[in-house]
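Single-structure report; data block below.
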Amino acid sequence: MTEYISVLPELDALAINPDIEIKLEGSELTCRYRSIFPRALSSQTALLRFENQVETGAQLLGDGFQMLCQTTGSPTALVDVGRCPDNNASYRLYPQDAPKRFYNYLVVEQSTGFQLYGFVTCHRFAGYFELEQTHHGIDVVAYLDGEESEPQYWETNQLESLVVVHGSSLESVYERYAQHITNHHPARSGVTEASQLDGVRGMPIMLK
């Protein structure tokens with residue numbers, strides 16, 4: 001059974017997985033496994049669809065699975081940034097001809113401003129987004145990489161949470177997104193303190 005969930009004044013999220021319950025709690029979309037017939041979660045476990053949210057001339061920005069892979073460009077002309085794209089010939093997590101995956105977050109810049117789709121937790125599974133061309137436009141679809149994990153062995157049915165942030169600048173959406181992540185994954189003690197190597201005999205250290 002599909003269900004529309006109002007996320008922003010002009011944005012609905014369509015819950016598309018009958019095995020997963022999606023709820024809007026505050027400004028975050030939470031996901032819980034609810035099937036009475038447990039089955040392994042695949043590497044492409046669909047969660048939500050955001051219909052017709054990307055203009056053809058939009059500029060995109062998102063991360064790959066690891067830090068040496070980012071993607072930018074437009075929906076029809078994506079550009080890999082970094083030397084290890086997730087689906088190239090030498091380093092591949094998924095088929096080379098499969099839709100590009102934007103892990104953790106995807107930023108869309110278009111006539112309406114900046115819109116960030118992002119997972120705010122990473123307790124168990126990696127989350128990613130794909131673009132899908134449909135008869136009414138370009139959709140954003142949210143997935144989990146379930147790693148073929150079997151729910152009957154889990155300690156909890158709580159899955160990952162995600163958020164959609166809209167703003168007039170890239171900085172503003174990143175700031176709000178970072179705060180959501182911090183609410184679930186606080187910074188470790190000491191990481192905001194000055195490094196003991198910040199200065200030697202009063203002189204700053206120059207990194208080359």
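How things are named: the first chain in the structure tokens is A, the next is B, and so on; residues count from 1 in each chain; ligands count from 1 in the order shown.
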
Contacts of Tyr117 in chain A within 9 Å, only C-alpha atoms, excl. fewer than 3 positions in-chain, as a PyMOL selection string: chain A and resi 104-108+129+140+142+162-166+177

Tell me which protein, DNA and RNA residues are within 10 Å of Glu21 in chain A, counting only C-alpha atoms, leaving out same-chain ones fewer than 4 positions away, and put them as an mmCIF file with N, CA, C and O atoms, in the first residue's frame.
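New file part-v4.cif:
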data_model
loop_
_atom_site.group_PDB
_atom_site.id
_atom_site.type_symbol
_atom_site.label_atom_id
_atom_site.label_comp_id
_atom_site.auth_asym_id
_atom_site.auth_seq_id
_atom_site.Cartn_x
_atom_site.Cartn_y
_atom_site.Cartn_z
ATOM 1 N N GLU A 3 1.505 5.408 0.286
ATOM 2 C CA GLU A 3 0.987 6.468 1.152
ATOM 3 C C GLU A 3 1.782 7.736 0.914
ATOM 4 O O GLU A 3 3.008 7.701 0.840
ATOM 5 N N ALA A 15 5.538 6.782 0.231
ATOM 6 C CA ALA A 15 6.062 5.541 0.806
ATOM 7 C C ALA A 15 5.728 4.398 -0.146
ATOM 8 O O ALA A 15 4.561 4.177 -0.469
ATOM 9 N N ILE A 16 6.729 3.672 -0.613
ATOM 10 C CA ILE A 16 6.513 2.705 -1.681
ATOM 11 C C ILE A 16 6.860 1.274 -1.293
ATOM 12 O O ILE A 16 6.792 0.377 -2.135
ATOM 13 N N ASN A 17 7.225 1.034 -0.039
ATOM 14 C CA ASN A 17 7.599 -0.312 0.371
ATOM 15 C C ASN A 17 6.613 -0.819 1.416
ATOM 16 O O ASN A 17 6.581 -0.312 2.539
ATOM 17 N N LEU A 29 11.913 11.884 8.469
ATOM 18 C CA LEU A 29 11.174 10.698 8.061
ATOM 19 C C LEU A 29 11.859 9.484 8.673
ATOM 20 O O LEU A 29 13.023 9.202 8.387
ATOM 21 N N THR A 30 11.146 8.763 9.538
ATOM 22 C CA THR A 30 11.712 7.590 10.190
ATOM 23 C C THR A 30 11.180 6.331 9.517
ATOM 24 O O THR A 30 10.052 6.303 9.013
ATOM 25 N N CYS A 31 11.994 5.292 9.520
ATOM 26 C CA CYS A 31 11.658 4.056 8.813
ATOM 27 C C CYS A 31 11.757 2.873 9.781
ATOM 28 O O CYS A 31 12.762 2.733 10.483
ATOM 29 N N ARG A 32 10.730 2.029 9.770
ATOM 30 C CA ARG A 32 10.716 0.824 10.611
ATOM 31 C C ARG A 32 10.235 -0.368 9.793
ATOM 32 O O ARG A 32 9.265 -0.263 9.043
ATOM 33 N N TYR A 33 10.916 -1.468 9.974
ATOM 34 C CA TYR A 33 10.502 -2.693 9.300
ATOM 35 C C TYR A 33 9.280 -3.249 10.014
ATOM 36 O O TYR A 33 9.253 -3.347 11.243
ATOM 37 N N ARG A 34 8.249 -3.665 9.259
ATOM 38 C CA ARG A 34 7.001 -4.070 9.907
ATOM 39 C C ARG A 34 6.395 -5.338 9.332
ATOM 40 O O ARG A 34 5.312 -5.749 9.743
ATOM 41 N N SER A 35 7.017 -5.992 8.377
ATOM 42 C CA SER A 35 6.423 -7.164 7.747
ATOM 43 C C SER A 35 6.323 -8.331 8.728
ATOM 44 O O SER A 35 7.222 -8.569 9.536
ATOM 45 N N LEU A 47 12.569 2.848 -0.346
ATOM 46 C CA LEU A 47 11.867 3.433 0.794
ATOM 47 C C LEU A 47 10.815 4.448 0.349
ATOM 48 O O LEU A 47 9.628 4.313 0.658
ATOM 49 N N GLN A 158 14.028 -0.745 13.913
ATOM 50 C CA GLN A 158 14.286 0.630 13.502
ATOM 51 C C GLN A 158 15.331 0.658 12.393
ATOM 52 O O GLN A 158 16.414 0.087 12.527
ATOM 53 N N LEU A 159 15.006 1.327 11.291
ATOM 54 C CA LEU A 159 15.935 1.492 10.191
ATOM 55 C C LEU A 159 16.480 2.917 10.207
ATOM 56 O O LEU A 159 16.410 3.594 11.230
#

Could you pull out the strand (DSSP E or B) residues of range 62-194 of chain A, going by DSSP on the backbone, and write them as JSON, numbers by chain? {"A": [62, 63, 70, 71, 72, 73, 74, 77, 78, 79, 80, 81, 87, 92, 102, 103, 104, 105, 106, 107, 108, 109, 110, 113, 114, 115, 116, 117, 118, 119, 126, 127, 128, 129, 130, 131, 132, 133, 134, 137, 138, 139, 140, 141, 142, 143, 144, 145, 149, 158, 162, 163, 164, 165, 166, 167]}

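Among A:Ala126, A:Ile5, A:Ile181, A:Leu170, the residue with the shortest atom-to-atom distance to Gln59 in chain A, counting only C-alpha atoms, is A:Leu170.
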
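Every protein, DNA or RNA residue with an atom at most 9 Å from range 93-102 of chain A, where only C-alpha atoms count and chain neighbours fewer than 5 positions away do not, is listed here: Leu61, Gly62, Asp63, Gly64, Phe65, Gln70, Thr71, Leu78, Asp86, Asn87, Asn88, Gly127, Tyr128, Phe129, Glu130, Leu131 and Glu132 of chain A.
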
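Put simply, CA of Ser6 in chain A is 19.2 Å away from CA of Gly137 in chain A.
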
May I ask for the distance between CA of Ala40 in chain A and CA of Glu160 in chain A, given in Å to one decimal place? 16.1 Å
